[in-house]
Amino acid sequence: MIKRVIALTLLAGLGLLFLGLLLDYRPDTDLNLSARYYAERTAPDLGAANIVTAIVVTYRGLDTLGEVTVLFLSATIVGLVLALGRRRGQAPAGLAPVGELLTTGSRMLTPLILLLGAYVFVNGHLTPGGGFQGGAILASGILLLLLADPLRHFSHGLISAVESLAGVFYVAIGLAGLVWAGGFLDNRILPLGDLGALFSAGAIPVIYSLIGLKVGAEFASMLASLAETEEL
Amino acid sequence: MVSALYILAAALGAAFLLGLLREERRGLAYGLTLAALGFMTWVSATWVWAFATTALPPVEIFTAGTPPPFAINLRMGMGEAALTLLVNLVGLASALYLKETLLQLGRRAMAVLLIAIMALAGLILTRDLFNLFVFMELMAISTAGLILLSADSRALGAGFKYLIVSQVVSVLLLIGIIFAYHVTGTLNIDGMAQAPALLATGIGAIAAFLILIALIAELKPFPANGWALDIYESAHPAYGAIFSAASGAAVIFAVDKVLPIGGAAWLPVATGVGIATFLFSNLLALPQTNDRRLLGYSSVGQIGLVLAVVGQRDVLGEAYGFIAFGLLVSNAVAKAGLFWLSGTIEQRGLTAWAVLRQRPLALFAFVTFLCVLVGLPPFPGFYAKWELARLLAGEGRMALLAAILLGTLIEAGYLFRWFGYAIKREPEAAAEGPRMQGAGLATGWNRALPIAAALVAAWGLGFLWGDLSGRGNLLLALPLLFALAFLVLDWLPAWVKNTLAIGGLTGFFLLTWQEYDPLRLIFAAIFLIGGSVILLASYETKGRRIGFYPSAMLMYAGLVMLIRATDAFGFFAAWELLTLGSYFLILRGKHSEPHALSYILFSLGGAFAILAGFALAGQGAVHLPLDGLAKVAEPLAPWVFVLLALGFMTKTASVGVHIWLPGAHAEAETDVSPMVSGILLKAGLYGFLVLLMSMGSQRLHGVELTHVLLWIGALSALVGNLMAVFQEDAKRLLAYSSIGQMGYALFGLALMNHLGWLMAIMFIINHYVYKSMLFLSVGGVAKRTGTRDMYRMGGLVKLMPLSFIAVLIGIIAISGVPPLSGFGGRWITYNALLDSEVRLPIVILFLAGPIAFLYLFRLIHTVFLGQLKDEHRRIKEAPFWIVLPQMIYVAVLLVVAVVPGLVLRHVDNYLDRFFPQGGLEWTGTVISSNYGYWNPISIMVIVGVIFATLFAWLLFVNRRAQPVKQFNIVFSGERPFRPETTHFAWNFFAPYRKALGFLTTPLATRFWEGITDLLHNAGDLVRRLYTGNGQTYAYHLLAFVVAVYLIRLGA
Amino acid sequence: MVDISLIAMATGFVLILIGLYGALTNGNLLRMIVAFTVADAGVNLVLVSVGYMRGRTAPILDSAVPAAEAVARIIDPVPQALVLTAIVIGLGVTALMLAYAYRLYEAKGTLDIAKFSELKW
């Protein structure tokens, strides 16, 4: 009881702070300094139609690299945490057989899901979506397979190879920007092309594809690690 | 130089590449990890070198080919370069240290380590607020990962607690960032800092609050830091090193760069949070028994201290970097070293560190790290502390300075207590027997190397900071170098080192004696020549005597530097050096652990008072010559006087702050007792001389301060003598007598007249001679009899005649009866008293005189006269080397008794400068004052004749006396429960105790014990706050945030 | 009329407070994790609500929003970029906490946070 009262008191304090923010908040009517720059300069400078993508991949590319690293780190640590505690047990028996319907359905759907994921990240510089979204879709395909067949073992080697290669290439492209263009992660190491075309916006689609693969691989590896802990 | 981005890219690239290696290729993966960390270190090092050697301005690094604030930018300046170097080095060394663990856990763990170091470097380099958030999250997550390196199963719980807290922190930070962006239209830190008006009110102010409080929360402020302590306690020590040395440094740098967005109003907040954290962490560390948790508390406290300094940057000006970095690297190097050391020790109790005694080098590293942490010379923290005190006092921020010094004192308390355990206690028995191989020590080259690197870095940084300080590098001072040389020569046999030491002391005196004025010459002679004479007794010790010579020479170096110092800084540095050296010396005694601790605490407390006094006197001036004290004006002057006098009183063991002395002097080794008594105590008197020469007499609230000193001196004389009377232990008796003697000397100085000072000088010389002599003879007796209790001795006069002569001469000299030099002292004393107007203290002083007779009589009577004890029938005279200096002293006493003018005359003339009136007349062998005359030679002759006559008469009267056999009856058939109570020498002065015993109630001891108990109990009580429940820690964090917000609103 | 962004923002704040309340009052590790994801969702909602501007459209240039008119037509793209990062980071932390919770459960057979307090004082 006392715990709740204290919690409520503390949160009331925090709520007061939030209330201050809320009451004084006035939405902008014009784009501020940074937003205006992005609205005006993205197309001519970077050649990307999706301004959010331009910001995510290029202007704030270091954040995104960090973000990918967060996922990588989480996946690695999840693997580490679970590997440390793993008991090498026998595959549990007595599992109800997977039905025909489920097997066929998942087999049919998975390639489509993977294709959709790839589409989302390849077009990230043009349409809503991008590497993270596409990667998450890729991983959902893996999730489907896992749900359909909980005992399936994925090749950690393959997943981690994809993950690593994508990461290494990402860093390499970033450094290429440092050497051949204006700075780390500058997308202008490749031609900018025409605004709105698939092959445009310099290195952005390449980077976003790498991110898509990497994110997909990381989620997949987390899912696989978590799935292997299941005590059936 | 390559771009700083390669630091980040190398770590990431390597971390990703590790995934391509097969799980079995762990050696290769480890090699790759080391290579990446090595490369990162190299990049930082080239930048540090470039900034240090050329006037390179900070380099802005753009990403995405777009200028800030539209793209993320990084900055590489001197600060960034130095800190990334620190972070990368700690990472590299820890990776080395973690070799076995990493190879066992595989590439995943290596990747996490690489990313952790990268995140810290990013935190330092980035200038973008949101990017800062990303790096902070990376740091938090990698922390949660690296905790898993620990074999301690509780680490898992600690990691989860940290994740809870970091979730709350990131909520606050994100909300703050987005609204700050809304208000300023930028995410660039510098861009935000340039729009202070926007962030000063309304939404902007709340946003700035959320951002800053979230960042500060990552610094583990009190009380929202329970999670950090749990991590420190349970994490792998190599990670503890990273967490303390690298993470702490990186986050505080981040706070430092983000702080400007809050404007000037945030500086006091930072200071307040920092100093509260510093004080409470150190308080809570007092009751700790787990080494790593103790280090955790200390780390948290040190970062709090740096935060307090960050909050003072408006007044620190150009010295800001020097101070903040000085404290930061001190903590980093020391903590990294200590955590690494803790990894070589199997058990977690503080006494378990006693296993270090098997490895002198590791022990040396241990003590180096402790001194670095406390900020003792010649390490960076010392210079930083001095500048900090100087500038804070210059701005009148004395309360903050006092809090900092108090916290440092508490920290010194638990750190040196720990050192005492390591030196003196036995390690707890290991849990299982067979593991005793290597006796609780686990080392390999990969563990020794990082520790050695930290050790080298500590000394190197000490040199660097000395160089940067612009105050003369202590590590280039000849006396200190001489002392340090003994560290290198410690493998030599003791007699060789002893010869070197004596040669060094004497040689230095011969080289420099012409440089001193007569007053300083006396001190120089006592310190150097006197020190050499005492060192003769050290020839008695065989073997290598590891650690003795560096300590002793450190003390002598400090003493010499003290009298050679011309400015306040030099004086203070020397003061701390001699304190440190003497502490190590005292600690060598068999049972001296608690006494050494109390000594170092009182001394450091005194030293901090001196520091505060000098800082107050200097008022921010860069240089404060010692004679500049004379120019300090009202209303500061009396306070400066009080602070300095307090500091010096701790060294002269004046009543009230005397309680360390008896134990420290009595328990010290035979040849150490005379050093710390006969020589070391004079440092305090020298301080008083300097103080009174420059500042003279001061009045505070109408009270004449020298008058107060007069009282303190008189009371010290009375209490010291009285306590000495009731001791059973001969060395304790001598120790208490020192308190009394120092009281006399202080009294003389405080009289502030010519003869008073002359008397003090006389006491300084005499006390050195007879106290050294008595300690040596009593030490010799104790060595032969195996006890220091006087009632266990008796009748030793025939067996140890030379020691008897020394004691006889000594007590004649000390008691001030004719014909020896003590009488001269008394004669001058009485003349001085007649010259002054004060009355009551004089009565007390007179009363103290006869009391001295009581204990001196007891000393010679119960030890040398009376009946010989059965078990002592076969003992021999004390060893030659212990007797030799005593005989030298006997000769000196006799010579001085006959021709006191040899020395005093010059001093007397010199004192005319200060007190033209009331000097003595020196005509031939006769010395005359306003009140009478003294002819030492005729006194000697008269006393000689009387003595010879009486002796002859006694022989004549007793010519038929027959010796009676001893040892017939001891207890008359009874066996008493406590046999010693039947001995006449037990409780020798019982009637006096009945009459005067109330004066010896240990009021001071009770007072100080009460204070330490209070601190301990308070620490023990407050630490219950950390319940260990991760949820409670979230409450603490929120409560901290809300409390700071309310305080801010109120302000 | 109340702006939609204010409603979203208020909802976000309420979600944060609800989430934190849940995390502070539930002793079960899994419930705490879920509570934090609620708070994270609130934070993300607040983030996007700050970038919203009435009457404008998504910051994607196409035939509907030509580059020349972008300044007048699109909403602030920055919070959208930030929220993406924030979501992903929150997800990473959640996954990590889940893995930790699993191991903690494995070690002690309980999910009560009060049982993991061997380290204290």
# chains A, B, ... in the order shown; residues from 1 in each chain; ligands from 1
call {"tool": "closest_atom_pairs", "arguments": {"of": "chain A", "to": "chain B", "cutoff": "6 Å", "atoms": "only C-alpha atoms", "output": "tab-separated table"}}
result
residue	atom	partner	partner_atom	distance
A:Gly13	CA	B:Val1042	CA	5.9
A:Leu21	CA	B:Ile203	CA	5.3
A:Asn32	CA	B:Gly185	CA	5.2
A:Leu33	CA	B:Gly185	CA	5.5
A:Ser34	CA	B:Phe70	CA	6.0
A:Thr58	CA	B:Ala64	CA	5.6
A:Tyr59	CA	B:Ala71	CA	4.5
A:Arg60	CA	B:Ala71	CA	5.7
A:Asp63	CA	B:Asn131	CA	5.5
A:Val70	CA	B:Leu138	CA	5.9
A:Thr76	CA	B:Arg108	CA	5.8
A:Ile77	CA	B:Gly145	CA	5.5
A:Ser160	CA	B:Gly19	CA	5.7
A:Ala161	CA	B:Leu20	CA	5.3
A:Ser164	CA	B:Phe16	CA	4.7
A:Gly167	CA	B:Phe16	CA	5.6
A:Val168	CA	B:Gly13	CA	5.4
A:Gly182	CA	B:Gly65	CA	3.7
A:Gly183	CA	B:Gly65	CA	4.6
A:Phe184	CA	B:Thr63	CA	4.7
A:Leu185	CA	B:Ala64	CA	5.1
A:Asp186	CA	B:Ala64	CA	3.8
call {"tool": "write_last_selection", "arguments": {"atoms": "C-alpha atoms", "output": "mmCIF file, in the first residue's frame"}}
result
data_model
loop_
_atom_site.group_PDB
_atom_site.id
_atom_site.type_symbol
_atom_site.label_atom_id
_atom_site.label_comp_id
_atom_site.auth_asym_id
_atom_site.auth_seq_id
_atom_site.Cartn_x
_atom_site.Cartn_y
_atom_site.Cartn_z
ATOM 1 C CA GLY A 13 5.869 14.927 -9.439
ATOM 2 C CA LEU A 21 5.494 20.546 -21.106
ATOM 3 C CA ASN A 32 12.315 25.018 -37.951
ATOM 4 C CA LEU A 33 15.906 25.569 -38.957
ATOM 5 C CA SER A 34 16.888 21.932 -39.321
ATOM 6 C CA THR A 58 22.845 9.937 -44.194
ATOM 7 C CA TYR A 59 22.414 13.107 -42.142
ATOM 8 C CA ARG A 60 22.034 11.168 -38.948
ATOM 9 C CA ASP A 63 22.836 7.373 -35.132
ATOM 10 C CA VAL A 70 22.357 -1.667 -30.504
ATOM 11 C CA THR A 76 24.885 -10.894 -29.184
ATOM 12 C CA ILE A 77 24.178 -10.479 -25.496
ATOM 13 C CA SER A 160 25.736 -14.572 -38.126
ATOM 14 C CA ALA A 161 27.561 -14.553 -41.459
ATOM 15 C CA SER A 164 28.550 -9.766 -39.956
ATOM 16 C CA GLY A 167 27.786 -4.876 -40.766
ATOM 17 C CA VAL A 168 31.273 -4.911 -42.186
ATOM 18 C CA GLY A 182 32.529 14.616 -47.862
ATOM 19 C CA GLY A 183 32.634 12.552 -44.716
ATOM 20 C CA PHE A 184 31.787 9.377 -42.885
ATOM 21 C CA LEU A 185 28.593 7.814 -44.323
ATOM 22 C CA ASP A 186 28.314 10.413 -47.090
#
call {"tool": "residues_around", "arguments": {"residues": "C:Val43", "least_positions_apart": "6", "cutoff": "10 Å", "atoms": "only C-alpha atoms", "output": "list in words"}}
result
Ser170, Val171, Leu172, Leu174, Ile175 and Ile178 of chain B; Met9, Thr11, Gly12, Phe13, Val14, Leu15, Ile16, Thr37, Ser49, Val83, Ala86 and Ile87 of chain C
call {"tool": "write_last_selection", "arguments": {"atoms": "C-alpha atoms", "output": "mmCIF file, in the first residue's frame"}}
result
data_model
loop_
_atom_site.group_PDB
_atom_site.id
_atom_site.type_symbol
_atom_site.label_atom_id
_atom_site.label_comp_id
_atom_site.auth_asym_id
_atom_site.auth_seq_id
_atom_site.Cartn_x
_atom_site.Cartn_y
_atom_site.Cartn_z
ATOM 1 C CA SER B 170 16.223 6.933 -21.281
ATOM 2 C CA VAL B 171 12.565 7.881 -20.919
ATOM 3 C CA LEU B 172 13.579 11.142 -19.261
ATOM 4 C CA LEU B 174 14.262 11.227 -24.818
ATOM 5 C CA ILE B 175 11.439 13.459 -23.635
ATOM 6 C CA ILE B 178 12.588 16.099 -28.251
ATOM 7 C CA MET C 9 1.140 14.007 -26.663
ATOM 8 C CA THR C 11 -1.805 10.187 -24.383
ATOM 9 C CA GLY C 12 1.902 9.618 -24.640
ATOM 10 C CA PHE C 13 2.544 11.198 -21.272
ATOM 11 C CA VAL C 14 -0.233 9.208 -19.675
ATOM 12 C CA LEU C 15 1.191 6.028 -21.168
ATOM 13 C CA ILE C 16 4.605 6.867 -19.744
ATOM 14 C CA THR C 37 7.371 -1.320 -23.111
ATOM 15 C CA SER C 49 3.559 14.192 -31.795
ATOM 16 C CA VAL C 83 11.467 7.812 -33.272
ATOM 17 C CA ALA C 86 14.160 5.143 -30.343
ATOM 18 C CA ILE C 87 11.871 2.258 -31.239
#
call {"tool": "residues_around", "arguments": {"residues": "C:Lys115", "least_positions_apart": "4", "cutoff": "8 Å", "atoms": "only C-alpha atoms", "output": "ChimeraX atom specification"}}
result
/B:1029 /C:110-111
call {"tool": "write_last_selection", "arguments": {"atoms": "C-alpha atoms", "output": "JSON list (two decimals), in the first residue's frame"}}
result
[["chain", "number", "residue", "atom", "x", "y", "z"],
["B", 1029, "ASN", "CA", 15.76, -4.55, -4.74],
["C", 110, "THR", "CA", 11.13, -17.12, -9.33],
["C", 111, "LEU", "CA", 10.34, -13.93, -11.14]]
call {"tool": "closest_atom_pairs", "arguments": {"of": "chain A", "to": "chain C", "cutoff": "7 Å", "atoms": "only C-alpha atoms", "output": "CSV"}}
result
residue,atom,partner,partner_atom,distance
A:Lys3,CA,C:Thr25,CA,6.9
A:Arg4,CA,C:Thr25,CA,6.3
A:Ala7,CA,C:Leu24,CA,6.4
A:Leu11,CA,C:Leu17,CA,6.5
A:Phe18,CA,C:Phe13,CA,6.7
A:Leu22,CA,C:Ala10,CA,6.9
A:Pro27,CA,C:Met53,CA,6.6
A:Asp28,CA,C:Met53,CA,6.6
A:Thr29,CA,C:Met53,CA,6.7
A:Leu31,CA,C:Asp76,CA,6.2
A:Ala35,CA,C:Asp76,CA,5.5
A:Arg36,CA,C:Val71,CA,6.1
A:Ala39,CA,C:Val71,CA,5.4
A:Glu40,CA,C:Val71,CA,6.5
A:Ala43,CA,C:Ala67,CA,6.6
A:Ala49,CA,C:Leu61,CA,4.8
A:Asn50,CA,C:Ile60,CA,4.3
A:Ile51,CA,C:Pro59,CA,5.6
A:Val52,CA,C:Pro77,CA,5.5
A:Ile55,CA,C:Ala81,CA,6.5
A:Val56,CA,C:Ala81,CA,5.5
A:Thr64,CA,C:Thr85,CA,6.8
A:Glu67,CA,C:Thr85,CA,6.1
A:Val70,CA,C:Ile89,CA,6.3
A:Leu71,CA,C:Gly92,CA,5.4
A:Ser74,CA,C:Gly92,CA,5.3
A:Val78,CA,C:Ala99,CA,5.7
A:Val81,CA,C:Ala99,CA,6.6
A:Leu82,CA,C:Ala99,CA,6.8
A:Gly85,CA,C:Arg103,CA,6.6
call {"tool": "write_last_selection", "arguments": {"atoms": "N, CA and C atoms", "output": "CSV table (one decimal), in the first residue's frame"}}
result
chain,number,residue,atom,x,y,z
A,3,LYS,N,3.8,1.4,-0.8
A,3,LYS,CA,4.6,1.4,-2.0
A,3,LYS,C,3.8,2.2,-3.1
A,4,ARG,N,2.5,1.8,-3.2
A,4,ARG,CA,1.7,2.5,-4.2
A,4,ARG,C,1.6,4.0,-4.0
A,7,ALA,N,4.8,5.5,-5.0
A,7,ALA,CA,4.9,5.5,-6.4
A,7,ALA,C,4.0,6.6,-7.0
A,11,LEU,N,5.3,9.8,-9.2
A,11,LEU,CA,4.8,10.0,-10.5
A,11,LEU,C,4.0,11.2,-10.7
A,18,PHE,N,5.6,16.8,-16.8
A,18,PHE,CA,5.0,16.6,-18.1
A,18,PHE,C,3.9,17.6,-18.4
A,22,LEU,N,3.2,19.9,-21.5
A,22,LEU,CA,2.0,19.8,-22.4
A,22,LEU,C,1.3,21.2,-22.5
A,27,PRO,N,2.4,23.8,-31.2
A,27,PRO,CA,2.9,23.2,-32.4
A,27,PRO,C,3.6,24.3,-33.3
A,28,ASP,N,4.6,23.9,-34.0
A,28,ASP,CA,5.3,24.8,-34.9
A,28,ASP,C,4.3,25.1,-36.1
A,29,THR,N,4.4,26.3,-36.6
A,29,THR,CA,3.6,26.5,-37.8
A,29,THR,C,4.4,26.5,-39.0
A,31,LEU,N,8.4,25.1,-40.6
A,31,LEU,CA,9.5,24.2,-40.3
A,31,LEU,C,10.6,25.0,-39.6
A,35,ALA,N,14.6,21.4,-40.0
A,35,ALA,CA,13.7,20.7,-40.9
A,35,ALA,C,13.6,21.5,-42.2
A,36,ARG,N,13.7,22.8,-42.2
A,36,ARG,CA,13.7,23.5,-43.4
A,36,ARG,C,14.9,23.1,-44.3
A,39,ALA,N,14.2,19.9,-45.9
A,39,ALA,CA,13.1,19.9,-46.9
A,39,ALA,C,13.7,20.5,-48.2
A,40,GLU,N,14.6,21.5,-48.0
A,40,GLU,CA,15.1,22.2,-49.2
A,40,GLU,C,16.3,21.4,-49.8
A,43,ALA,N,16.7,16.8,-51.6
A,43,ALA,CA,16.6,16.3,-53.0
A,43,ALA,C,17.8,16.8,-53.8
A,49,ALA,N,14.2,10.7,-52.3
A,49,ALA,CA,12.8,11.2,-52.2
A,49,ALA,C,12.2,11.1,-50.8
A,50,ASN,N,12.6,10.1,-50.1
A,50,ASN,CA,12.1,10.0,-48.7
A,50,ASN,C,13.0,10.8,-47.8
A,51,ILE,N,12.5,11.9,-47.3
A,51,ILE,CA,13.4,12.8,-46.5
A,51,ILE,C,13.8,12.1,-45.2
A,52,VAL,N,12.8,11.4,-44.6
A,52,VAL,CA,13.1,10.7,-43.4
A,52,VAL,C,14.3,9.7,-43.6
A,55,ILE,N,17.5,11.4,-43.8
A,55,ILE,CA,18.0,11.8,-42.4
A,55,ILE,C,18.5,10.6,-41.7
A,56,VAL,N,17.7,9.5,-41.8
A,56,VAL,CA,18.1,8.3,-41.0
A,56,VAL,C,19.4,7.7,-41.5
A,64,THR,N,22.2,5.9,-36.9
A,64,THR,CA,21.6,4.7,-37.4
A,64,THR,C,22.7,3.5,-37.3
A,67,GLU,N,22.4,2.5,-33.9
A,67,GLU,CA,21.2,1.8,-33.7
A,67,GLU,C,21.3,0.3,-34.2
A,70,VAL,N,23.2,-1.3,-31.7
A,70,VAL,CA,22.4,-1.7,-30.5
A,70,VAL,C,21.7,-3.0,-30.7
A,71,LEU,N,21.1,-3.2,-31.9
A,71,LEU,CA,20.5,-4.5,-32.2
A,71,LEU,C,21.5,-5.6,-32.2
A,74,SER,N,22.4,-6.3,-28.7
A,74,SER,CA,21.3,-7.0,-28.0
A,74,SER,C,21.3,-8.5,-28.4
A,78,VAL,N,22.0,-11.4,-25.9
A,78,VAL,CA,20.9,-12.4,-25.7
A,78,VAL,C,21.5,-13.8,-25.9
A,81,VAL,N,23.8,-14.5,-23.0
A,81,VAL,CA,23.1,-14.8,-21.7
A,81,VAL,C,22.5,-16.2,-21.8
A,82,LEU,N,21.9,-16.5,-22.9
A,82,LEU,CA,21.2,-17.8,-23.0
A,82,LEU,C,22.3,-18.9,-23.1
A,85,GLY,N,23.5,-20.0,-19.8
A,85,GLY,CA,22.7,-20.8,-18.9
A,85,GLY,C,22.2,-22.1,-19.6
call {"tool": "interface_residues", "arguments": {"of": "chain C", "to": "chain B", "cutoff": "6 Å", "atoms": "only C-alpha atoms", "output": "list in words"}}
result
Ala114, Phe116, Ser117, Leu119, Lys120 and Trp121 of chain C
call {"tool": "write_last_selection", "arguments": {"atoms": "C-alpha atoms", "output": "PDB file, in the first residue's frame"}}
result
ATOM      1  CA  ALA C 114      12.574  -8.767  -4.369  1.00  0.00           C
ATOM      2  CA  PHE C 116      17.233 -10.908  -6.269  1.00  0.00           C
ATOM      3  CA  SER C 117      18.604  -8.703  -3.577  1.00  0.00           C
ATOM      4  CA  LEU C 119      23.699  -7.554  -3.329  1.00  0.00           C
ATOM      5  CA  LYS C 120      22.871  -4.656  -1.092  1.00  0.00           C
ATOM      6  CA  TRP C 121      24.146  -2.043   1.327  1.00  0.00           C
TER       7      TRP C 121
END
call {"tool": "residues_around", "arguments": {"residues": "A:Ala220", "least_positions_apart": "6", "cutoff": "8 Å", "atoms": "only C-alpha atoms", "output": "number ranges by chain"}}
result
A: 139, 142-143, 159
call {"tool": "closest_residue", "arguments": {"among": "B:Gly613, B:Leu356, B:Leu733, B:Lys631", "to": "B:Glu667", "atoms": "only C-alpha atoms"}}
result
B:Leu733
call {"tool": "decode", "arguments": {"residues": "stretch 38-50 of chain C", "atoms": "N, CA and C atoms", "output": "PDB file, in the first residue's frame"}}
result
ATOM      1  N   VAL C  38       5.267  -0.371 -22.302  1.00  0.00           N
ATOM      2  CA  VAL C  38       4.177   0.610 -22.359  1.00  0.00           C
ATOM      3  C   VAL C  38       4.757   2.020 -22.270  1.00  0.00           C
ATOM      4  N   ALA C  39       5.655   2.219 -21.327  1.00  0.00           N
ATOM      5  CA  ALA C  39       6.261   3.540 -21.185  1.00  0.00           C
ATOM      6  C   ALA C  39       7.013   3.925 -22.452  1.00  0.00           C
ATOM      7  N   ASP C  40       7.718   2.950 -23.037  1.00  0.00           N
ATOM      8  CA  ASP C  40       8.451   3.225 -24.279  1.00  0.00           C
ATOM      9  C   ASP C  40       7.500   3.671 -25.375  1.00  0.00           C
ATOM     10  N   ALA C  41       6.359   2.989 -25.459  1.00  0.00           N
ATOM     11  CA  ALA C  41       5.370   3.367 -26.472  1.00  0.00           C
ATOM     12  C   ALA C  41       4.928   4.803 -26.238  1.00  0.00           C
ATOM     13  N   GLY C  42       4.733   5.156 -24.963  1.00  0.00           N
ATOM     14  CA  GLY C  42       4.353   6.528 -24.644  1.00  0.00           C
ATOM     15  C   GLY C  42       5.404   7.512 -25.104  1.00  0.00           C
ATOM     16  N   VAL C  43       6.659   7.190 -24.840  1.00  0.00           N
ATOM     17  CA  VAL C  43       7.741   8.079 -25.253  1.00  0.00           C
ATOM     18  C   VAL C  43       7.724   8.260 -26.765  1.00  0.00           C
ATOM     19  N   ASN C  44       7.541   7.161 -27.472  1.00  0.00           N
ATOM     20  CA  ASN C  44       7.560   7.245 -28.931  1.00  0.00           C
ATOM     21  C   ASN C  44       6.409   8.097 -29.449  1.00  0.00           C
ATOM     22  N   LEU C  45       5.272   7.954 -28.761  1.00  0.00           N
ATOM     23  CA  LEU C  45       4.120   8.753 -29.161  1.00  0.00           C
ATOM     24  C   LEU C  45       4.409  10.239 -28.957  1.00  0.00           C
ATOM     25  N   VAL C  46       4.998  10.553 -27.849  1.00  0.00           N
ATOM     26  CA  VAL C  46       5.351  11.957 -27.592  1.00  0.00           C
ATOM     27  C   VAL C  46       6.331  12.446 -28.662  1.00  0.00           C
ATOM     28  N   LEU C  47       7.296  11.603 -28.997  1.00  0.00           N
ATOM     29  CA  LEU C  47       8.297  12.006 -29.992  1.00  0.00           C
ATOM     30  C   LEU C  47       7.632  12.386 -31.308  1.00  0.00           C
ATOM     31  N   VAL C  48       6.777  11.496 -31.839  1.00  0.00           N
ATOM     32  CA  VAL C  48       6.184  11.824 -33.141  1.00  0.00           C
ATOM     33  C   VAL C  48       5.216  12.990 -33.039  1.00  0.00           C
ATOM     34  N   SER C  49       4.550  13.114 -31.891  1.00  0.00           N
ATOM     35  CA  SER C  49       3.559  14.192 -31.795  1.00  0.00           C
ATOM     36  C   SER C  49       4.246  15.554 -31.879  1.00  0.00           C
ATOM     37  N   VAL C  50       5.506  15.636 -31.453  1.00  0.00           N
ATOM     38  CA  VAL C  50       6.194  16.917 -31.501  1.00  0.00           C
ATOM     39  C   VAL C  50       6.430  17.355 -32.943  1.00  0.00           C
TER      40      VAL C  50
END
